[in-house]
Amino acid sequence: MIDDKVWCEIIEKLKDGLNPSIFDTYIKNLKPYKEENNSLTIIVEDDETLMTIQSCYLARIEAAVEEITNNNYTIKCILKNQIESEEETTFKEPEPIRETPKQATPRKEYKKYDSGLIKDYTFDNYAMGLSNQIAVTAAQIIIQQPGRYNPLFLYGVSGIGKTHLAMAIGNEYENKLHKKVLYITSEKFQEDVMHIAQDPEEFKQKYRNVELLIIDDIQLLKGEKTQVEFFNIFNEICLFKKNQMVVISDRCVNDIKDLQERLQTRFRDGFNAEMLIPDDKLRVNIIKKYIERPENEGLKSLNLSEEVIQYIANNMNTNARSIHGALNQLLINSLIFSPETIDIQFVQKNIGEFLQKNTTTESKSIIKIQQYVADYFKISIDDLKGTKKDPKYKIPRHIAMYLCRNELNETFENIGSEFGKDHSTALRGIKNIEKLMDYQPDEKKKNNLENLKLAADIKNAINIIKSNMN
């Protein structure tokens, strides 16, 4: 029999190896309720705890009970308010009729949360092309069939329209399907988790009752408690209620190193859509869509010719956000200088810095360098940009990063983004190549010959690739 003393031993056993905040939030207050036929029912405080226990800690509790009692129990959970309701129905005597009836306790009014959507981010002003066609198609499918792809995982470098597309989905859900939507960033979610103890029910009302949850920058979701909470919310929204989730990331699932494996598995089980840097045709479409926005009447009044639009598109091998910035600068300069027409010469003179910053010649761009390096080493672009640590892939990857830095003068952030990495990874890769090329023999070290040969091979590869580029 499991009495209070035995239960205390079980709780102490469960405390070992658990994060203190997890233990205090979900385990500490568990109580035994009923024991029969090798089945033990335990009392949990609320729905959130019930979901967490069933999803994450049931096997751990069963193992602890078995170790302390030497009996194999099946653990079941019951909510505290269910017990109180049963006791009230079974044992409570009917109250005598009173002259003044007792007023019911008013229900708590919960805060109404704004969806967080930007209303102007719609499909009408979203530019579609080959680089985002798969993502847009998947987005349209989950509007027609909510829950079909769960989650829809959108990933790609910064500024290519991931958030716009996700919010376009949200606006369709809200305005046409009349569903409850919430857009949130990982940073805001973590902040809410930190304050969950102050009002757990408020947290539940905010996140678990939505029909579409959009979470941005999932690669920034840190901490065990935060990820446990998100895992539980994911299960309730996607698995139990069959509602929809859209997840946004600047890298693919496999490259999010700090994400729990079970979350990675959930994301991989959904539809993963990579969004790429826009090609020339899509950049033309981005420019035209941006000019047509109601708030951009000034740009529209410039009456940019097809030739000028094509020139800007061809000379900005970059993302939508940078293109918008260049167009805004063009408008400002046109107001200052009041040219009769906006021609290519005016564009070159007034947003030349934008063009130089964001483009290179046809033979020299990050994408081209990746292709030259991959061709030289006879590996695929996916392997070059991937995570394999075999020197066969790692050294070419670092050489490509080195060339992007030294030939294009690109920032570490841009280089990292184009390889699906962060800036520190790009910096380490470039430093590694510099160190290998500058290798100096040391009598105390072994493998001097091998290291000298590797340095020579790297220098030779870099020289050949540079020659091919020119």
# chains A, B, ... in the order shown; residues from 1 in each chain; ligands from 1
call {"tool": "residues_around", "arguments": {"residues": "range 139-141 of chain A", "least_positions_apart": "6", "cutoff": "9 Å", "atoms": "only C-alpha atoms", "output": "ChimeraX atom specification"}}
result
/A:148-149,152,165-166,168-169
call {"tool": "write_last_selection", "arguments": {"atoms": "N, CA, C and O atoms", "output": "PDB file, in the first residue's frame"}}
result
ATOM      1  N   ARG A 148      -3.940  20.031 -42.563  1.00  0.00           N
ATOM      2  CA  ARG A 148      -3.412  19.065 -43.562  1.00  0.00           C
ATOM      3  C   ARG A 148      -1.909  18.899 -43.385  1.00  0.00           C
ATOM      4  O   ARG A 148      -1.381  17.782 -43.415  1.00  0.00           O
ATOM      5  N   TYR A 149      -1.173  19.986 -43.277  1.00  0.00           N
ATOM      6  CA  TYR A 149       0.273  19.951 -43.023  1.00  0.00           C
ATOM      7  C   TYR A 149       0.507  20.568 -41.644  1.00  0.00           C
ATOM      8  O   TYR A 149       0.351  21.773 -41.466  1.00  0.00           O
ATOM      9  N   LEU A 152       3.202  23.583 -40.585  1.00  0.00           N
ATOM     10  CA  LEU A 152       3.864  24.092 -41.795  1.00  0.00           C
ATOM     11  C   LEU A 152       5.111  24.806 -41.310  1.00  0.00           C
ATOM     12  O   LEU A 152       5.030  25.791 -40.579  1.00  0.00           O
ATOM     13  N   LEU A 165       4.369  35.812 -45.517  1.00  0.00           N
ATOM     14  CA  LEU A 165       3.566  34.665 -45.954  1.00  0.00           C
ATOM     15  C   LEU A 165       2.771  34.076 -44.787  1.00  0.00           C
ATOM     16  O   LEU A 165       1.582  33.768 -44.922  1.00  0.00           O
ATOM     17  N   ALA A 166       3.432  33.915 -43.631  1.00  0.00           N
ATOM     18  CA  ALA A 166       2.746  33.344 -42.470  1.00  0.00           C
ATOM     19  C   ALA A 166       1.579  34.240 -42.025  1.00  0.00           C
ATOM     20  O   ALA A 166       0.499  33.751 -41.681  1.00  0.00           O
ATOM     21  N   ALA A 168      -0.041  36.295 -43.949  1.00  0.00           N
ATOM     22  CA  ALA A 168      -1.078  36.203 -44.986  1.00  0.00           C
ATOM     23  C   ALA A 168      -1.987  35.010 -44.695  1.00  0.00           C
ATOM     24  O   ALA A 168      -3.219  35.101 -44.850  1.00  0.00           O
ATOM     25  N   ILE A 169      -1.400  33.904 -44.267  1.00  0.00           N
ATOM     26  CA  ILE A 169      -2.205  32.743 -43.851  1.00  0.00           C
ATOM     27  C   ILE A 169      -3.103  33.140 -42.683  1.00  0.00           C
ATOM     28  O   ILE A 169      -4.302  32.852 -42.667  1.00  0.00           O
TER      29      ILE A 169
END
call {"tool": "residues_around", "arguments": {"residues": "Tyr372 in chain A", "least_positions_apart": "6", "cutoff": "8 Å", "atoms": "only C-alpha atoms", "output": "PDB file with all heavy atoms, in the first residue's frame"}}
result
ATOM      1  N   ILE A 465      39.828  28.065 -58.136  1.00  0.00           N
ATOM      2  CA  ILE A 465      38.431  28.542 -58.054  1.00  0.00           C
ATOM      3  C   ILE A 465      38.360  30.032 -58.394  1.00  0.00           C
ATOM      4  O   ILE A 465      37.482  30.467 -59.158  1.00  0.00           O
ATOM      5  CB  ILE A 465      37.832  28.257 -56.664  1.00  0.00           C
ATOM      6  CG1 ILE A 465      37.680  26.751 -56.452  1.00  0.00           C
ATOM      7  CG2 ILE A 465      36.472  28.939 -56.503  1.00  0.00           C
ATOM      8  CD1 ILE A 465      37.391  26.325 -55.019  1.00  0.00           C
ATOM      9  N   ASN A 468      38.732  30.412 -62.075  1.00  0.00           N
ATOM     10  CA  ASN A 468      37.478  30.049 -62.772  1.00  0.00           C
ATOM     11  C   ASN A 468      36.439  31.156 -62.676  1.00  0.00           C
ATOM     12  O   ASN A 468      35.667  31.403 -63.616  1.00  0.00           O
ATOM     13  CB  ASN A 468      36.911  28.750 -62.188  1.00  0.00           C
ATOM     14  CG  ASN A 468      37.776  27.545 -62.503  1.00  0.00           C
ATOM     15  OD1 ASN A 468      38.588  27.577 -63.434  1.00  0.00           O
ATOM     16  ND2 ASN A 468      37.642  26.489 -61.713  1.00  0.00           N
ATOM     17  N   MET A 469      36.404  31.808 -61.519  1.00  0.00           N
ATOM     18  CA  MET A 469      35.427  32.891 -61.310  1.00  0.00           C
ATOM     19  C   MET A 469      35.726  34.091 -62.207  1.00  0.00           C
ATOM     20  O   MET A 469      34.804  34.816 -62.603  1.00  0.00           O
ATOM     21  CB  MET A 469      35.449  33.329 -59.825  1.00  0.00           C
ATOM     22  CG  MET A 469      34.808  32.311 -58.902  1.00  0.00           C
ATOM     23  SD  MET A 469      35.267  32.563 -57.152  1.00  0.00           S
ATOM     24  CE  MET A 469      34.877  34.278 -56.940  1.00  0.00           C
TER      25      MET A 469
END
call {"tool": "closest_residue", "arguments": {"among": "A:Lys188, A:Ala64, A:Ala400, A:Pro278", "to": "Lys368 in chain A", "atoms": "only C-alpha atoms"}}
result
A:Ala400
call {"tool": "atom_distance", "arguments": {"atom1": "CA of Ser417 in chain A", "atom2": "CA of Lys385 in chain A"}}
result
10.2 Å
call {"tool": "atom_distance", "arguments": {"atom1": "CA of Phe377 in chain A", "atom2": "CA of Asn460 in chain A"}}
result
12.2 Å
